[in-house]
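Colleague: Supplied in structure tokens, the structure appears directly below.
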Amino acid sequence: MTSLTPRDKDTIKAFMAKASVYAEEIGKDALCRMIAVYPQTKTYFSHWKDVSPTSGHVKKHGITIMNAVADAVSKLDDLKGGLLSLSELHAFTLRVDPANFKILSHNILVVMAILFPEEFTPEVHVSMDKFLAAVALSLAEKYR
Amino acid sequence: MVVWTESELSIINSIFSSLDYEDIGPKALCRCLIVYPWTQRYFGGFGNLYNAAAIKSNPNIAAHGIKILHGLDRAVKNMDGIKETYAELSTLHSEKLHVDPDNFTLLGNCLTIEIAAKLGDGFTAETQGTFQKFMAVVVNALGKQYH
């Protein structure tokens, strides 16, 4: 996996400055979409009574996730270090198969394209895709 | 055998009839070449792909993007026989063009993003799911003749 270039970091910071205002909306929609379009991801939420895409639990959790992603922007220069405790959480407690990070990333990008049809150019898309991949990689750091 | 509900058929037809193939095709292909630059390996003879600006203004790439959308249209017009519809194209992509089938998914991702940007809120989770199912069937059919 390639690391983030200075240009990537500038692009990410600039786009996320606009997008993070909508972090809650992005998070809610992305997680709802993931559960609807990739039903196998529901398996991680069997402890909720209602795992339908529109449930309150799902919405709230989408917000939690996206706030963490927005926060990761401030840790761009050391994602591994900055996301260490989240990695431990995902590795030892949640044990989410890292393949699912890619699925959620895809849905985050789809929602960004919907909310920012003009700004989400291919150039922004590639930097954001790399960013989410880097976050995912850092989250998987403590898995084994 | 792929089974399509009435709703899914309706969604796919509605998506494609709302698209301007001459607009979306080039955009999706350009996005693919920029977001996944290794896909440029298949376009060596297409001229200048040096940077994003060059890719976006390359007429050969634009023409090819349109061609791809028309290719997808063939599947839309033959939802119950996508595998058969693409048998020849699959052989072409495998034996002549030597395209790694994983790339079909990458282009599919970019098309999803372009359609999402175009339809906005109209690209609901249900619409996305149906479109992605359609693309998965297309990708599978295109990979069928690879040995």
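FYI, nothing fancy with the structure tokens labels: chains A, B, ... in order, residues from 1 per chain, ligands from 1 as they appear.
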Do me a favour and pick out the residues of chain A within 12 Å of chain B, using only C-alpha atoms, as a VMD selection string.

Modeller: chain A and resid 28 to 39 52 to 54 103 105 to 130

Colleague: Could you pull the residues within 10 Å of region 71-79 of chain B, counting only C-alpha atoms, minus those fewer than 4 positions along the same chain, as a PyMOL selection string?

Modeller: chain B and resi 2-4+9+12-13+16-17+21+65-67+83-86+89+134-135+137-138+141

Colleague: Assign secondary structure with DSSP using the backbone only, and return the residues of region 80-136 of chain B in alpha helix (DSSP H) as a ChimeraX atom specification.

Modeller: /B:82-85,87-91,102-119,125-136

Colleague: Find the residues near Val99 (chain B): any atom within 10 Å, counting only C-alpha atoms, skip ones fewer than 6 places away on the same chain, and give them as a PDB file with N, CA, C and O atoms, in the first residue's frame.

Modeller:
```pdb
ATOM      1  N   THR B  39      -4.541   0.717 -13.976  1.00  0.00           N
ATOM      2  CA  THR B  39      -5.425   0.324 -15.076  1.00  0.00           C
ATOM      3  C   THR B  39      -4.990   0.955 -16.394  1.00  0.00           C
ATOM      4  O   THR B  39      -5.425   0.531 -17.461  1.00  0.00           O
ATOM      5  N   ARG B  41      -2.421   0.530 -17.797  1.00  0.00           N
ATOM      6  CA  ARG B  41      -1.591  -0.423 -18.540  1.00  0.00           C
ATOM      7  C   ARG B  41      -2.288  -0.927 -19.792  1.00  0.00           C
ATOM      8  O   ARG B  41      -1.638  -1.373 -20.738  1.00  0.00           O
ATOM      9  N   TYR B  42      -3.626  -0.879 -19.804  1.00  0.00           N
ATOM     10  CA  TYR B  42      -4.370  -1.406 -20.942  1.00  0.00           C
ATOM     11  C   TYR B  42      -4.591  -0.370 -22.036  1.00  0.00           C
ATOM     12  O   TYR B  42      -5.229  -0.669 -23.040  1.00  0.00           O
ATOM     13  N   SER B  90     -16.192 -11.503 -23.420  1.00  0.00           N
ATOM     14  CA  SER B  90     -15.354 -12.116 -22.392  1.00  0.00           C
ATOM     15  C   SER B  90     -14.116 -12.725 -23.027  1.00  0.00           C
ATOM     16  O   SER B  90     -12.990 -12.526 -22.560  1.00  0.00           O
ATOM     17  N   LEU B  92     -12.829 -11.880 -25.861  1.00  0.00           N
ATOM     18  CA  LEU B  92     -12.020 -10.747 -26.332  1.00  0.00           C
ATOM     19  C   LEU B  92     -11.140 -10.188 -25.218  1.00  0.00           C
ATOM     20  O   LEU B  92      -9.934  -9.997 -25.379  1.00  0.00           O
ATOM     21  N   HIS B  93     -11.749  -9.924 -24.046  1.00  0.00           N
ATOM     22  CA  HIS B  93     -11.004  -9.315 -22.940  1.00  0.00           C
ATOM     23  C   HIS B  93      -9.942 -10.249 -22.406  1.00  0.00           C
ATOM     24  O   HIS B  93      -8.895  -9.816 -21.923  1.00  0.00           O
ATOM     25  N   GLY B 143     -15.961 -12.335 -16.957  1.00  0.00           N
ATOM     26  CA  GLY B 143     -14.850 -13.180 -16.538  1.00  0.00           C
ATOM     27  C   GLY B 143     -15.042 -14.650 -16.874  1.00  0.00           C
ATOM     28  O   GLY B 143     -14.157 -15.474 -16.655  1.00  0.00           O
ATOM     29  N   TYR B 146     -12.517 -16.747 -19.225  1.00  0.00           N
ATOM     30  CA  TYR B 146     -11.105 -16.746 -18.902  1.00  0.00           C
ATOM     31  C   TYR B 146     -10.661 -18.150 -18.488  1.00  0.00           C
ATOM     32  O   TYR B 146     -11.332 -18.811 -17.699  1.00  0.00           O
TER      33      TYR B 146
END
```

Colleague: Skipping near chain neighbours, those fewer than 3 positions away, what residues fall within 12 Å of Asp77 (chain A) using only C-alpha atoms, listed as a list in words?

Modeller: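 Final neighbour list, sorted by chain and number: Ser3, Leu4, Thr5, Pro6, Asp8, Lys9, Asp10, Lys13, Ala72, Val73, Ser74, Lys80, Gly81, Gly82, Leu83, Phe131, Ala134 and Val135 of chain A.
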
Colleague: I'd like the neighbourhood of region 21-27 of chain A as a list in words, where a residue qualifies if any of its atoms comes within 8 Å (using only C-alpha atoms), though same-chain residues fewer than 6 positions away should be ignored.

Modeller: Lys59, His61, Gly62, Ile63, Thr64, Ile65, Met66, Asn67, Ala70, Ile108, Val111 and Met112 of chain A

Colleague: Those residues with N, CA and C atoms, as a PDB file, in the first residue's frame please?

Modeller:
```
ATOM      1  N   LYS A  59     -27.777   4.177  12.899  1.00  0.00           N
ATOM      2  CA  LYS A  59     -27.494   5.596  12.647  1.00  0.00           C
ATOM      3  C   LYS A  59     -26.469   6.103  13.648  1.00  0.00           C
ATOM      4  N   HIS A  61     -24.311   4.524  15.386  1.00  0.00           N
ATOM      5  CA  HIS A  61     -22.993   3.940  15.228  1.00  0.00           C
ATOM      6  C   HIS A  61     -22.263   4.523  14.033  1.00  0.00           C
ATOM      7  N   GLY A  62     -23.029   4.817  12.973  1.00  0.00           N
ATOM      8  CA  GLY A  62     -22.433   5.460  11.797  1.00  0.00           C
ATOM      9  C   GLY A  62     -21.784   6.777  12.178  1.00  0.00           C
ATOM     10  N   ILE A  63     -22.456   7.504  13.074  1.00  0.00           N
ATOM     11  CA  ILE A  63     -21.936   8.796  13.543  1.00  0.00           C
ATOM     12  C   ILE A  63     -20.623   8.589  14.292  1.00  0.00           C
ATOM     13  N   THR A  64     -20.618   7.602  15.186  1.00  0.00           N
ATOM     14  CA  THR A  64     -19.395   7.311  15.964  1.00  0.00           C
ATOM     15  C   THR A  64     -18.222   7.038  15.034  1.00  0.00           C
ATOM     16  N   ILE A  65     -18.483   6.179  14.036  1.00  0.00           N
ATOM     17  CA  ILE A  65     -17.413   5.797  13.111  1.00  0.00           C
ATOM     18  C   ILE A  65     -16.898   7.004  12.341  1.00  0.00           C
ATOM     19  N   MET A  66     -17.827   7.763  11.758  1.00  0.00           N
ATOM     20  CA  MET A  66     -17.397   8.875  10.904  1.00  0.00           C
ATOM     21  C   MET A  66     -16.706   9.966  11.695  1.00  0.00           C
ATOM     22  N   ASN A  67     -17.102  10.178  12.935  1.00  0.00           N
ATOM     23  CA  ASN A  67     -16.393  11.150  13.774  1.00  0.00           C
ATOM     24  C   ASN A  67     -14.949  10.719  13.980  1.00  0.00           C
ATOM     25  N   ALA A  70     -13.072  11.420  10.767  1.00  0.00           N
ATOM     26  CA  ALA A  70     -12.781  12.855  10.675  1.00  0.00           C
ATOM     27  C   ALA A  70     -11.621  13.208  11.606  1.00  0.00           C
ATOM     28  N   ILE A 108     -18.573   4.976   2.203  1.00  0.00           N
ATOM     29  CA  ILE A 108     -18.271   6.361   2.589  1.00  0.00           C
ATOM     30  C   ILE A 108     -18.016   7.185   1.331  1.00  0.00           C
ATOM     31  N   VAL A 111     -21.245   8.017  -0.517  1.00  0.00           N
ATOM     32  CA  VAL A 111     -21.997   9.098   0.131  1.00  0.00           C
ATOM     33  C   VAL A 111     -21.330  10.450  -0.137  1.00  0.00           C
ATOM     34  N   MET A 112     -20.001  10.458  -0.125  1.00  0.00           N
ATOM     35  CA  MET A 112     -19.299  11.711  -0.422  1.00  0.00           C
ATOM     36  C   MET A 112     -19.604  12.179  -1.843  1.00  0.00           C
TER      37      MET A 112
END
```
